[in-house]
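Undergrad: The structure under discussion is supplied below as structure tokens; questions concerning it will follow.
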Amino acid sequence: MYSTPFSPAEARAARARMGLTTTQVAHAMAACGAPAHPDLIAGWEQGTHVPSEPQLFALADVLWCTPTTLMGIEPRTLAEHRLAKLLSAERLAYRIGMDAAAYRAAEAAQRWDGDPRQTRALVEALGLSLRKLIGIMGRVDELAEHLRTAIEGRWKAHVAPVAEIVCVDETLVGDALRTMHAQFAEFSERYMGHLVARNDDARLKEIAAERAAFLRRLVDHFWELIGEAGDVTPFHAVGR
């Protein structure tokens, strides 16, 4: 079951910086609409209890720090990025035009299946890029497999699956895959040319090393070809 990430040490440090007692924090949190007993706040700082999302938001407000500070981690999951932006699941779902239950299911499954409009709203609300979103949702390996199969065979068959994963217009994806396919084919042609010409092993090994490096960077190279669509928001590029 999901639990709000929380760092007792960071909470203690933040309260100490403000010079507040747990009782004072409790009063301030009540004024923020998230009442908590001083003993409960002490429990958070001792690690015996974890605040709810509304309590985390109120505590961050009272202690003049970010939720990320109190979480004690850099956001890694969709839920953690949401918390960092002080958004409840229901509020974020409303902003992106998605049913709250469907959004919570996406967080739980760590898989994003929103439509282009919802995806655009999501990355804008959370301050993400599409490239970052794909990593958060754990689909980088899936993308890499499609890219490798595409450059080694019929790249056109992978345009739609890749576009579905990365939420980028199929025209942009097709251009990138066509380029990568041609670049990879060039390695094979150069290698076979040297092999037929019986050139020295050193040159063959050099080409093989270049090929291996190309394969290791497939995902990075793909996003480079996609350009700003992957690092900002791609939807202005749709329809070009």
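Ordering of the structure tokens sets the chain letters (A, B, ...); residue numbers start at 1 within each chain; ligands are numbered from 1 in the order shown.
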Within 8 Å of region 10-18 of chain A, which residues of region 61-134 of chain A show up? Give each one with its shortest atom-to-atom distance in Å (one decimal) and the two atoms involved, counting only C-alpha atoms, rows by chain then rising residue number, as CSV.

TA:
```
residue,atom,partner,partner_atom,distance
A:Leu63,CA,A:Arg15,CA,6.1
A:Cys65,CA,A:Ala14,CA,7.4
A:Thr69,CA,A:Glu10,CA,6.7
A:Leu70,CA,A:Glu10,CA,5.6
A:Met71,CA,A:Glu10,CA,7.9
A:Gly72,CA,A:Glu10,CA,6.4
```

Undergrad: Using only C-alpha atoms, what table do you get, as JSON lines, when you list each residue of region 53-113 of chain A with an atom no more than 8 Å from region 27-38 of chain A, its nearest pair of atoms, and their distance in Å rounded to one decimal, rows by chain then rising number?

TA:
```
{"residue": "A:Pro54", "atom": "CA", "partner": "A:Ala34", "partner_atom": "CA", "distance": 6.5}
{"residue": "A:Gln55", "atom": "CA", "partner": "A:Ala34", "partner_atom": "CA", "distance": 5.6}
{"residue": "A:Ala58", "atom": "CA", "partner": "A:Met29", "partner_atom": "CA", "distance": 5.8}
{"residue": "A:Leu59", "atom": "CA", "partner": "A:Met29", "partner_atom": "CA", "distance": 6.5}
{"residue": "A:Val62", "atom": "CA", "partner": "A:Ala28", "partner_atom": "CA", "distance": 6.3}
```

Undergrad: Next, dump the selected residues to file, keeping only N, CA, C and O atoms, as a compact mmCIF listing (two decimals), in the first residue's frame.

TA:
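Generated file (again.txt):
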```txt
# COMPACT_ATOMS: atom_id res chain seq x y z
N PRO A 54 -2.66 15.73 3.11
CA PRO A 54 -3.04 17.08 3.56
C PRO A 54 -2.19 17.57 4.72
O PRO A 54 -1.85 18.76 4.81
N GLN A 55 -1.82 16.66 5.62
CA GLN A 55 -0.98 17.05 6.76
C GLN A 55 0.43 17.41 6.28
O GLN A 55 1.04 18.35 6.79
N ALA A 58 0.23 20.92 4.80
CA ALA A 58 0.07 21.92 5.84
C ALA A 58 1.36 22.09 6.63
O ALA A 58 1.76 23.21 6.96
N LEU A 59 2.04 20.98 6.92
CA LEU A 59 3.29 21.06 7.67
C LEU A 59 4.36 21.81 6.89
O LEU A 59 5.10 22.63 7.46
N VAL A 62 3.53 25.47 7.20
CA VAL A 62 3.84 26.00 8.53
C VAL A 62 5.34 26.16 8.73
O VAL A 62 5.81 27.14 9.34
```

Undergrad: For Gly43 (chain A), which residue out of A:Ala9, A:Ala202, A:Leu20, A:Leu218 is the nearest one, using only C-alpha atoms?

TA: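 Under the stated criterion, the closest residue is A:Ala9.
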
Undergrad: For region 182-191 of chain A, work out the shell of residues within 9 Å, counting only C-alpha atoms and skipping chain neighbours fewer than 3 positions away, then give it as a list of chain:residue names.

TA: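 Returned residues: A:Ile151, A:Glu152, A:Leu177, A:Arg178, A:Thr179, A:His194, A:Leu195, A:Val196, A:Arg203, A:Leu204, A:Ile207, A:Ala208, A:Glu210, A:Arg211, A:Phe214, A:Leu215.
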
Undergrad: Can you check which residues of region 4-157 of chain A DSSP gives as alpha helix (DSSP H) on the backbone and send them as an MDAnalysis selection string?

TA: chainID A and resid 8:18 22:31 38:46 53:62 67:71 78:84 89:96 100:109 116:126 130:136 140:152

Undergrad: Which of these, A:Glu53, A:Ala105, A:Glu145, A:Thr22, has the shortest distance to Leu40 (chain A) once you count only C-alpha atoms?

TA: A:Thr22

Undergrad: Would you pick out the contacts of region 76-93 of chain A at 12 Å or less, using only C-alpha atoms, so that residues sharing its chain but fewer than 5 positions from it are not included, and give the list as a PyMOL selection string?

TA: chain A and resi 2-6+52-61+65-71+98-112+114+118-119+121-128+132-138

Undergrad: Applying 9 Å and only C-alpha atoms, which residues near Phe222 (chain A) remain after dropping the ones on its own chain fewer than 4 positions away? List them as a short mmCIF file (atom, residue, chain, number, x, y, z; two decimals) with C-alpha atoms, in the first residue's frame.

TA:
```
data_model
loop_
_atom_site.label_atom_id
_atom_site.label_comp_id
_atom_site.auth_asym_id
_atom_site.auth_seq_id
_atom_site.Cartn_x
_atom_site.Cartn_y
_atom_site.Cartn_z
CA LEU A 147 13.93 1.10 -31.02
CA VAL A 173 8.53 9.45 -34.40
CA ALA A 176 13.43 9.71 -35.99
CA LEU A 177 13.10 5.97 -36.64
CA MET A 180 18.14 5.79 -36.88
CA ARG A 217 22.61 5.24 -26.72
CA LEU A 218 19.47 4.31 -28.63
CA ILE A 226 12.83 14.22 -31.44
CA GLY A 227 14.35 17.46 -30.18
#
```

Undergrad: Hey, which of A:Glu164, A:Thr48, A:Asp169, A:Val219 ends up closest to Asp141 (chain A)? Count only C-alpha atoms.

TA: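 The shortest atom-to-atom distance to Asp141 (chain A) comes from A:Val219.
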
Undergrad: Suppose you want the space between CA of Val168 (chain A) and CA of Arg216 (chain A); what is it in Å?

TA: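 Spanning CA of Val168 (chain A) to CA of Arg216 (chain A) is a straight-line distance of 22.1 Å.
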
Undergrad: Measure the distance from CA of Val50 (chain A) to CA of Gly19 (chain A) in Å and round it to one decimal.

TA: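 Result for CA of Val50 (chain A) versus CA of Gly19 (chain A): 21.8 Å, one decimal.
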
Undergrad: CA of His146 (chain A) and CA of Pro161 (chain A), how far apart in Å?

TA: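 Separation of CA of Pro161 (chain A) and CA of His146 (chain A): 7.8 Å.
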